[in-house]
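This is coords.tsv (TSV, C-alpha atoms).
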```tsv
chain	number	residue	atom	x	y	z
A	1	MET	CA	-43.58	-43.05	-69.21
A	2	THR	CA	-43.00	-43.14	-65.43
A	3	ALA	CA	-41.34	-46.20	-64.01
A	4	GLU	CA	-44.34	-47.77	-62.32
A	5	THR	CA	-43.24	-50.28	-59.71
A	6	ASN	CA	-45.28	-52.79	-57.81
A	7	THR	CA	-45.27	-51.60	-54.23
A	8	LYS	CA	-41.94	-52.00	-52.52
A	9	TYR	CA	-41.00	-52.18	-48.85
A	10	ASP	CA	-39.04	-49.12	-47.88
A	11	LEU	CA	-37.29	-47.91	-44.80
A	12	PHE	CA	-35.88	-44.49	-43.99
A	13	GLY	CA	-33.95	-44.60	-40.77
A	14	LYS	CA	-31.55	-42.58	-38.64
A	15	LEU	CA	-28.66	-43.79	-36.49
A	16	LYS	CA	-26.94	-41.51	-33.97
A	17	ALA	CA	-23.22	-42.22	-33.64
A	18	LYS	CA	-21.16	-41.44	-30.57
A	19	PRO	CA	-19.09	-38.26	-30.94
A	20	GLY	CA	-16.37	-38.74	-33.56
A	21	LYS	CA	-17.71	-42.16	-34.61
A	22	GLY	CA	-19.89	-41.07	-37.58
A	23	ASP	CA	-17.41	-41.94	-40.32
A	24	GLU	CA	-16.52	-45.27	-38.69
A	25	LEU	CA	-20.24	-46.18	-38.57
A	26	ILE	CA	-20.68	-45.16	-42.22
A	27	ALA	CA	-17.75	-47.38	-43.21
A	28	ILE	CA	-19.37	-50.42	-41.56
A	29	LEU	CA	-22.73	-49.71	-43.21
A	30	MET	CA	-21.01	-49.32	-46.57
A	31	GLU	CA	-19.67	-52.84	-46.29
A	32	ASN	CA	-23.30	-53.99	-46.28
A	33	ALA	CA	-23.89	-52.10	-49.49
A	34	GLN	CA	-21.39	-54.13	-51.44
A	35	THR	CA	-22.38	-54.34	-55.08
A	36	ASP	CA	-20.58	-57.67	-55.43
A	37	SER	CA	-22.52	-59.48	-52.70
A	38	PRO	CA	-25.88	-57.74	-52.61
A	39	MET	CA	-28.50	-58.73	-50.04
A	40	PRO	CA	-31.25	-60.67	-51.90
A	41	GLY	CA	-34.23	-58.39	-52.68
A	42	CYS	CA	-32.34	-55.24	-51.77
A	43	LEU	CA	-32.97	-52.72	-54.56
A	44	GLN	CA	-31.37	-49.84	-52.75
A	45	TYR	CA	-29.29	-49.18	-49.68
A	46	LEU	CA	-28.18	-45.54	-49.56
A	47	ILE	CA	-26.09	-44.27	-46.68
A	48	GLY	CA	-25.62	-40.62	-45.86
A	49	LYS	CA	-25.44	-38.01	-43.14
A	50	ASP	CA	-27.11	-34.90	-41.89
A	51	PRO	CA	-25.11	-31.97	-43.33
A	52	ASP	CA	-25.41	-30.18	-39.99
A	53	ASN	CA	-24.62	-33.16	-37.75
A	54	GLU	CA	-21.76	-35.50	-38.68
A	55	GLU	CA	-22.97	-38.06	-36.11
A	56	LEU	CA	-26.49	-38.35	-37.52
A	57	ILE	CA	-26.34	-41.12	-40.12
A	58	LEU	CA	-29.29	-41.71	-42.45
A	59	ILE	CA	-30.14	-44.83	-44.40
A	60	SER	CA	-32.66	-45.18	-47.22
A	61	GLU	CA	-33.54	-48.75	-48.08
A	62	VAL	CA	-35.77	-50.13	-50.83
A	63	TRP	CA	-36.60	-53.82	-50.69
A	64	GLU	CA	-38.61	-55.96	-53.06
A	65	THR	CA	-40.59	-57.32	-50.08
A	66	LYS	CA	-40.80	-57.07	-46.30
A	67	GLU	CA	-39.67	-60.70	-46.11
A	68	ASP	CA	-36.51	-59.92	-48.08
A	69	HIS	CA	-35.65	-57.29	-45.50
A	70	ALA	CA	-36.38	-59.64	-42.60
A	71	ASN	CA	-34.27	-62.37	-44.22
A	72	SER	CA	-31.34	-59.98	-44.64
A	73	LEU	CA	-31.15	-59.61	-40.87
A	74	LYS	CA	-30.35	-63.35	-40.69
A	75	LEU	CA	-27.35	-63.07	-43.02
A	76	GLU	CA	-24.03	-63.66	-41.23
A	77	SER	CA	-22.50	-60.57	-42.90
A	78	VAL	CA	-25.34	-58.34	-41.72
A	79	ARG	CA	-25.35	-59.76	-38.20
A	80	ALA	CA	-21.60	-59.21	-37.97
A	81	ALA	CA	-21.95	-55.62	-39.20
A	82	ILE	CA	-24.70	-54.90	-36.66
A	83	ALA	CA	-22.53	-56.32	-33.87
A	84	ARG	CA	-19.66	-54.01	-34.92
A	85	ALA	CA	-21.96	-51.00	-35.30
A	86	MET	CA	-23.86	-51.24	-32.01
A	87	PRO	CA	-20.95	-50.05	-29.76
A	88	LEU	CA	-20.62	-46.94	-31.96
A	89	LEU	CA	-24.24	-45.90	-31.44
A	90	ASP	CA	-25.29	-43.15	-29.06
A	91	GLY	CA	-28.43	-44.82	-27.74
A	92	MET	CA	-30.77	-47.28	-29.40
A	93	PRO	CA	-31.71	-46.65	-33.03
A	94	GLU	CA	-35.04	-44.90	-33.59
A	95	LYS	CA	-37.67	-46.94	-35.42
A	96	GLY	CA	-37.36	-45.92	-39.04
A	97	ILE	CA	-40.14	-44.70	-41.31
A	98	VAL	CA	-41.74	-47.64	-43.11
A	99	TRP	CA	-43.29	-46.67	-46.43
A	100	GLU	CA	-44.34	-48.14	-49.76
A	101	VAL	CA	-42.84	-46.79	-52.99
A	102	VAL	CA	-45.49	-46.90	-55.72
A	103	GLY	CA	-43.45	-45.43	-58.53
A	104	GLY	CA	-40.98	-42.84	-59.69
A	105	LEU	CA	-37.59	-42.89	-61.33
A	106	GLY	CA	-34.05	-43.69	-60.36
A	107	LEU	CA	-34.29	-47.14	-58.88
A	108	ALA	CA	-31.60	-49.28	-60.42
A	109	SER	CA	-33.73	-52.00	-62.00
B	110	MET	CA	-16.87	-52.71	-54.23
B	111	THR	CA	-19.44	-50.31	-52.85
B	112	ALA	CA	-20.73	-47.66	-55.18
B	113	GLU	CA	-18.97	-44.66	-53.70
B	114	THR	CA	-20.67	-41.44	-54.75
B	115	ASN	CA	-19.55	-37.89	-54.33
B	116	THR	CA	-21.97	-36.39	-51.88
B	117	LYS	CA	-25.43	-35.86	-53.30
B	118	TYR	CA	-28.22	-33.54	-52.22
B	119	ASP	CA	-31.10	-35.56	-50.87
B	120	LEU	CA	-34.55	-34.82	-49.62
B	121	PHE	CA	-36.99	-37.04	-47.79
B	122	GLY	CA	-40.34	-35.34	-47.45
B	123	LYS	CA	-43.93	-35.96	-46.51
B	124	LEU	CA	-47.10	-34.44	-47.99
B	125	LYS	CA	-50.46	-34.81	-46.28
B	126	ALA	CA	-53.35	-35.07	-48.77
B	127	LYS	CA	-56.91	-34.11	-47.99
B	128	PRO	CA	-59.14	-37.13	-47.25
B	129	GLY	CA	-59.58	-39.22	-50.39
B	130	LYS	CA	-57.04	-37.19	-52.37
B	131	GLY	CA	-53.94	-39.35	-51.79
B	132	ASP	CA	-54.03	-41.21	-55.10
B	133	GLU	CA	-54.77	-38.03	-57.06
B	134	LEU	CA	-51.75	-36.35	-55.45
B	135	ILE	CA	-49.56	-39.36	-56.23
B	136	ALA	CA	-50.67	-39.22	-59.89
B	137	ILE	CA	-49.57	-35.58	-60.17
B	138	LEU	CA	-46.21	-36.31	-58.53
B	139	MET	CA	-45.68	-39.26	-60.84
B	140	GLU	CA	-45.97	-36.96	-63.83
B	141	ASN	CA	-42.87	-35.21	-62.48
B	142	ALA	CA	-41.05	-38.49	-62.39
B	143	GLN	CA	-41.31	-39.03	-66.12
B	144	THR	CA	-38.39	-41.05	-67.39
B	145	ASP	CA	-38.69	-39.42	-70.81
B	146	SER	CA	-38.30	-35.83	-69.60
B	147	PRO	CA	-36.22	-36.10	-66.45
B	148	MET	CA	-35.42	-33.02	-64.39
B	149	PRO	CA	-31.73	-32.17	-64.94
B	150	GLY	CA	-29.58	-33.49	-62.08
B	151	CYS	CA	-32.39	-35.61	-60.65
B	152	LEU	CA	-30.95	-39.05	-59.94
B	153	GLN	CA	-33.98	-40.30	-58.09
B	154	TYR	CA	-37.55	-39.26	-57.41
B	155	LEU	CA	-39.42	-42.01	-55.60
B	156	ILE	CA	-43.04	-41.54	-54.59
B	157	GLY	CA	-44.83	-43.68	-52.06
B	158	LYS	CA	-47.23	-43.73	-49.16
B	159	ASP	CA	-47.50	-44.65	-45.52
B	160	PRO	CA	-48.97	-48.17	-45.43
B	161	ASP	CA	-51.14	-47.14	-42.49
B	162	ASN	CA	-52.27	-43.78	-43.87
B	163	GLU	CA	-53.32	-43.49	-47.52
B	164	GLU	CA	-53.20	-39.70	-47.30
B	165	LEU	CA	-49.59	-39.49	-46.12
B	166	ILE	CA	-47.47	-39.32	-49.28
B	167	LEU	CA	-43.70	-39.69	-49.05
B	168	ILE	CA	-41.09	-38.59	-51.54
B	169	SER	CA	-37.42	-39.54	-51.64
B	170	GLU	CA	-35.30	-37.39	-53.92
B	171	VAL	CA	-31.63	-37.66	-54.83
B	172	TRP	CA	-30.10	-34.75	-56.72
B	173	GLU	CA	-26.62	-34.31	-58.10
B	174	THR	CA	-26.47	-30.87	-56.44
B	175	LYS	CA	-28.56	-28.48	-54.37
B	176	GLU	CA	-28.59	-26.11	-57.35
B	177	ASP	CA	-30.10	-28.79	-59.58
B	178	HIS	CA	-32.95	-29.14	-57.13
B	179	ALA	CA	-33.43	-25.37	-56.90
B	180	ASN	CA	-33.42	-25.09	-60.71
B	181	SER	CA	-36.06	-27.80	-61.00
B	182	LEU	CA	-38.49	-25.60	-59.11
B	183	LYS	CA	-38.22	-23.09	-61.97
B	184	LEU	CA	-39.26	-25.61	-64.62
B	185	GLU	CA	-42.70	-24.88	-66.09
B	186	SER	CA	-43.72	-28.54	-65.73
B	187	VAL	CA	-42.80	-28.58	-62.03
B	188	ARG	CA	-44.45	-25.24	-61.31
B	189	ALA	CA	-47.63	-26.46	-63.01
B	190	ALA	CA	-47.58	-29.69	-60.99
B	191	ILE	CA	-47.13	-27.79	-57.72
B	192	ALA	CA	-50.05	-25.51	-58.62
B	193	ARG	CA	-52.25	-28.58	-59.24
B	194	ALA	CA	-51.05	-30.34	-56.10
B	195	MET	CA	-51.44	-27.50	-53.59
B	196	PRO	CA	-55.29	-27.59	-53.45
B	197	LEU	CA	-55.10	-31.31	-52.61
B	198	LEU	CA	-52.87	-30.76	-49.56
B	199	ASP	CA	-54.17	-30.82	-46.00
B	200	GLY	CA	-52.07	-27.97	-44.66
B	201	MET	CA	-48.66	-26.72	-45.72
B	202	PRO	CA	-45.99	-29.34	-46.47
B	203	GLU	CA	-43.57	-30.08	-43.63
B	204	LYS	CA	-39.95	-29.16	-44.32
B	205	GLY	CA	-38.37	-32.38	-45.54
B	206	ILE	CA	-35.22	-34.01	-44.19
B	207	VAL	CA	-32.17	-32.71	-46.07
B	208	TRP	CA	-29.30	-35.18	-46.09
B	209	GLU	CA	-26.17	-36.10	-48.03
B	210	VAL	CA	-25.79	-39.56	-49.53
B	211	VAL	CA	-22.13	-40.63	-49.34
B	212	GLY	CA	-22.48	-44.05	-50.89
B	213	GLY	CA	-24.38	-47.28	-51.13
B	214	LEU	CA	-26.03	-49.22	-53.90
B	215	GLY	CA	-29.12	-48.93	-56.02
B	216	LEU	CA	-28.86	-45.49	-57.48
B	217	ALA	CA	-29.45	-45.67	-61.21
B	218	SER	CA	-26.14	-44.26	-62.48
```
Take the structure I supplied and represent it as structure tokens, if you would.
Amino acid sequence: MTAETNTKYDLFGKLKAKPGKGDELIAILMENAQTDSPMPGCLQYLIGKDPDNEELILISEVWETKEDHANSLKLESVRAAIARAMPLLDGMPEKGIVWEVVGGLGLAS
Amino acid sequence: MTAETNTKYDLFGKLKAKPGKGDELIAILMENAQTDSPMPGCLQYLIGKDPDNEELILISEVWETKEDHANSLKLESVRAAIARAMPLLDGMPEKGIVWEVVGGLGLAS
């Protein structure tokens, strides 16, 4: 039986780090993905990179609702992480892909 | 503590369905995401759609290794699903984004 899910709010985004700053940016993002203080409604926050470009950081997020995601941007921890990350970026972040997961497997329930 | 993962093999792809065929395509893809007969090495296979375009289907896959993904394409069940899906596509699938998850939370372990 496939794991049907009610529609989620999902983001797939890319961040371009300044030369040599990819790993530092990943480290900051990873702090947001702490299992011991998860962001309410955040079902998934995967961080990775383009195998051919160490400075191209990719983030796949699955949220219960759009509001949960919006609320996370008000959290002090998230605001602090964004403030630390911004100087490491090579230009403004592109708008990510917004999509709606309807089902599948592998989401930690 | 963030869920560190050894680097995974990840794909984020889009499929464009012919008009009115989006849901039918999703149904076929969902059969691949059966929890009771998972594809070896497949940690995640999420299916969804663009909220503004019912025919634009998105798939986020996380594999233990690149080889696991390649092997899945040899499975009879997957080959049969691809054969059923192809006639529903509006043009050839775009090459997906290949990336490497380095950590985060929300991957069913």
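In terms of minimum interatomic distance to A:Asn71, A:Cys42 ranks closest within A:Leu29, A:Cys42, A:Leu107, A:Val102, counting all atoms listed in the file.
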* Atom-to-atom span, atom CA of B:Met148 and atom CA of B:Arg188, Å ->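 That distance, rounded to one decimal, is 12.3 Å.
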Using only C-alpha atoms, I'd like a table of the residues in chain A that come within 6 Å of chain B; for each, show the closest atom pair and its distance in Å rounded to one decimal, ordered by chain and ascending number, as CSV.
```
residue,atom,partner,partner_atom,distance
A:Met1,CA,B:Gln143,CA,5.6
A:Thr2,CA,B:Gln143,CA,4.5
A:Ala33,CA,B:Gly213,CA,5.1
A:Gln34,CA,B:Thr111,CA,4.5
A:Thr35,CA,B:Thr111,CA,5.5
A:Leu43,CA,B:Gly215,CA,5.6
A:Gln44,CA,B:Gly215,CA,4.1
A:Tyr45,CA,B:Leu214,CA,5.3
A:Leu46,CA,B:Gly213,CA,4.5
A:Ile47,CA,B:Val210,CA,5.5
A:Gly48,CA,B:Val210,CA,3.8
A:Lys49,CA,B:Glu209,CA,5.3
A:Asp50,CA,B:Trp208,CA,4.7
A:Pro51,CA,B:Trp208,CA,6.0
A:Trp99,CA,B:Asp159,CA,4.8
A:Glu100,CA,B:Gly157,CA,5.0
A:Val101,CA,B:Gly157,CA,3.8
A:Val102,CA,B:Gly157,CA,4.9
A:Gly103,CA,B:Ile156,CA,5.6
A:Gly104,CA,B:Leu155,CA,4.5
A:Leu105,CA,B:Tyr154,CA,5.3
A:Gly106,CA,B:Gln153,CA,4.1
A:Leu107,CA,B:Ala217,CA,5.6
A:Ala108,CA,B:Ala217,CA,4.3
```
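A straight line drawn from atom CA of B:Gly131 to atom CA of B:Ala192 is 15.9 Å long.
As for atom CA of B:Glu133 and atom CA of A:Trp63, they are spaced 24.9 Å apart.
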With the input short on atoms, add N, CA and C atoms back to stretch 42-78 of chain A and write it as an mmCIF file, keeping the file's coordinate frame.
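Just written: result02.cif:
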```
data_model
loop_
_atom_site.group_PDB
_atom_site.id
_atom_site.type_symbol
_atom_site.label_atom_id
_atom_site.label_comp_id
_atom_site.auth_asym_id
_atom_site.auth_seq_id
_atom_site.Cartn_x
_atom_site.Cartn_y
_atom_site.Cartn_z
ATOM 1 N N CYS A 42 -32.684 -56.625 -52.125
ATOM 2 C CA CYS A 42 -32.340 -55.240 -51.770
ATOM 3 C C CYS A 42 -32.145 -54.431 -53.049
ATOM 4 N N LEU A 43 -33.053 -53.523 -53.333
ATOM 5 C CA LEU A 43 -32.970 -52.720 -54.560
ATOM 6 C C LEU A 43 -32.163 -51.450 -54.320
ATOM 7 N N GLN A 44 -32.110 -51.065 -53.042
ATOM 8 C CA GLN A 44 -31.370 -49.840 -52.750
ATOM 9 C C GLN A 44 -30.983 -49.798 -51.285
ATOM 10 N N TYR A 45 -29.766 -49.326 -51.057
ATOM 11 C CA TYR A 45 -29.290 -49.180 -49.680
ATOM 12 C C TYR A 45 -28.356 -47.961 -49.694
ATOM 13 N N LEU A 46 -28.942 -46.790 -49.495
ATOM 14 C CA LEU A 46 -28.180 -45.540 -49.560
ATOM 15 C C LEU A 46 -27.827 -45.085 -48.149
ATOM 16 N N ILE A 47 -26.594 -44.701 -47.985
ATOM 17 C CA ILE A 47 -26.090 -44.270 -46.680
ATOM 18 C C ILE A 47 -25.659 -42.812 -46.792
ATOM 19 N N GLY A 48 -26.006 -42.019 -45.801
ATOM 20 C CA GLY A 48 -25.620 -40.620 -45.860
ATOM 21 C C GLY A 48 -25.615 -40.010 -44.471
ATOM 22 N N LYS A 49 -25.468 -38.694 -44.435
ATOM 23 C CA LYS A 49 -25.440 -38.010 -43.140
ATOM 24 C C LYS A 49 -26.156 -36.677 -43.216
ATOM 25 N N ASP A 50 -26.485 -36.206 -42.026
ATOM 26 C CA ASP A 50 -27.110 -34.900 -41.890
ATOM 27 C C ASP A 50 -26.011 -33.868 -42.092
ATOM 28 N N PRO A 51 -26.178 -32.941 -43.052
ATOM 29 C CA PRO A 51 -25.110 -31.970 -43.330
ATOM 30 C C PRO A 51 -24.746 -31.109 -42.107
ATOM 31 N N ASP A 52 -25.665 -31.029 -41.165
ATOM 32 C CA ASP A 52 -25.410 -30.180 -39.990
ATOM 33 C C ASP A 52 -25.002 -31.002 -38.762
ATOM 34 N N ASN A 53 -24.925 -32.322 -38.919
ATOM 35 C CA ASN A 53 -24.620 -33.160 -37.750
ATOM 36 C C ASN A 53 -23.900 -34.428 -38.211
ATOM 37 N N GLU A 54 -22.582 -34.413 -38.148
ATOM 38 C CA GLU A 54 -21.760 -35.500 -38.680
ATOM 39 C C GLU A 54 -22.086 -36.851 -38.028
ATOM 40 N N GLU A 55 -22.682 -36.791 -36.805
ATOM 41 C CA GLU A 55 -22.970 -38.060 -36.110
ATOM 42 C C GLU A 55 -24.360 -38.611 -36.443
ATOM 43 N N LEU A 56 -25.150 -37.863 -37.183
ATOM 44 C CA LEU A 56 -26.490 -38.350 -37.520
ATOM 45 C C LEU A 56 -26.439 -39.012 -38.899
ATOM 46 N N ILE A 57 -26.490 -40.337 -38.901
ATOM 47 C CA ILE A 57 -26.340 -41.120 -40.120
ATOM 48 C C ILE A 57 -27.732 -41.530 -40.600
ATOM 49 N N LEU A 58 -27.971 -41.391 -41.896
ATOM 50 C CA LEU A 58 -29.290 -41.710 -42.450
ATOM 51 C C LEU A 58 -29.148 -42.834 -43.473
ATOM 52 N N ILE A 59 -30.160 -43.664 -43.499
ATOM 53 C CA ILE A 59 -30.140 -44.830 -44.400
ATOM 54 C C ILE A 59 -31.486 -44.910 -45.111
ATOM 55 N N SER A 60 -31.436 -44.998 -46.435
ATOM 56 C CA SER A 60 -32.660 -45.180 -47.220
ATOM 57 C C SER A 60 -32.597 -46.541 -47.883
ATOM 58 N N GLU A 61 -33.551 -47.381 -47.560
ATOM 59 C CA GLU A 61 -33.540 -48.750 -48.080
ATOM 60 C C GLU A 61 -34.799 -49.009 -48.894
ATOM 61 N N VAL A 62 -34.616 -49.686 -50.028
ATOM 62 C CA VAL A 62 -35.770 -50.130 -50.830
ATOM 63 C C VAL A 62 -35.618 -51.627 -51.024
ATOM 64 N N TRP A 63 -36.640 -52.360 -50.583
ATOM 65 C CA TRP A 63 -36.600 -53.820 -50.690
ATOM 66 C C TRP A 63 -37.751 -54.291 -51.568
ATOM 67 N N GLU A 64 -37.528 -55.409 -52.243
ATOM 68 C CA GLU A 64 -38.610 -55.960 -53.060
ATOM 69 C C GLU A 64 -39.802 -56.296 -52.169
ATOM 70 N N THR A 65 -39.510 -56.952 -51.028
ATOM 71 C CA THR A 65 -40.590 -57.320 -50.080
ATOM 72 C C THR A 65 -40.117 -57.160 -48.634
ATOM 73 N N LYS A 66 -41.084 -57.132 -47.738
ATOM 74 C CA LYS A 66 -40.800 -57.070 -46.300
ATOM 75 C C LYS A 66 -40.004 -58.309 -45.873
ATOM 76 N N GLU A 67 -40.343 -59.443 -46.465
ATOM 77 C CA GLU A 67 -39.670 -60.700 -46.110
ATOM 78 C C GLU A 67 -38.197 -60.629 -46.511
ATOM 79 N N ASP A 68 -37.918 -60.053 -47.662
ATOM 80 C CA ASP A 68 -36.510 -59.920 -48.080
ATOM 81 C C ASP A 68 -35.722 -59.136 -47.028
ATOM 82 N N HIS A 69 -36.356 -58.079 -46.518
ATOM 83 C CA HIS A 69 -35.650 -57.290 -45.500
ATOM 84 C C HIS A 69 -35.438 -58.129 -44.245
ATOM 85 N N ALA A 70 -36.497 -58.819 -43.807
ATOM 86 C CA ALA A 70 -36.380 -59.640 -42.600
ATOM 87 C C ALA A 70 -35.302 -60.711 -42.784
ATOM 88 N N ASN A 71 -35.266 -61.319 -43.960
ATOM 89 C CA ASN A 71 -34.270 -62.370 -44.220
ATOM 90 C C ASN A 71 -32.844 -61.819 -44.184
ATOM 91 N N SER A 72 -32.703 -60.549 -44.603
ATOM 92 C CA SER A 72 -31.340 -59.980 -44.640
ATOM 93 C C SER A 72 -30.744 -59.896 -43.234
ATOM 94 N N LEU A 73 -31.637 -59.749 -42.247
ATOM 95 C CA LEU A 73 -31.150 -59.610 -40.870
ATOM 96 C C LEU A 73 -30.628 -60.947 -40.329
ATOM 97 N N LYS A 74 -30.852 -62.016 -41.112
ATOM 98 C CA LYS A 74 -30.350 -63.350 -40.690
ATOM 99 C C LYS A 74 -29.006 -63.665 -41.353
ATOM 100 N N LEU A 75 -28.623 -62.823 -42.327
ATOM 101 C CA LEU A 75 -27.350 -63.070 -43.020
ATOM 102 C C LEU A 75 -26.172 -62.859 -42.053
ATOM 103 N N GLU A 76 -25.187 -63.757 -42.120
ATOM 104 C CA GLU A 76 -24.030 -63.660 -41.230
ATOM 105 C C GLU A 76 -23.324 -62.302 -41.388
ATOM 106 N N SER A 77 -23.199 -61.849 -42.637
ATOM 107 C CA SER A 77 -22.500 -60.570 -42.900
ATOM 108 C C SER A 77 -23.218 -59.405 -42.248
ATOM 109 N N VAL A 78 -24.556 -59.441 -42.295
ATOM 110 C CA VAL A 78 -25.340 -58.340 -41.720
ATOM 111 C C VAL A 78 -25.289 -58.408 -40.195
#
```
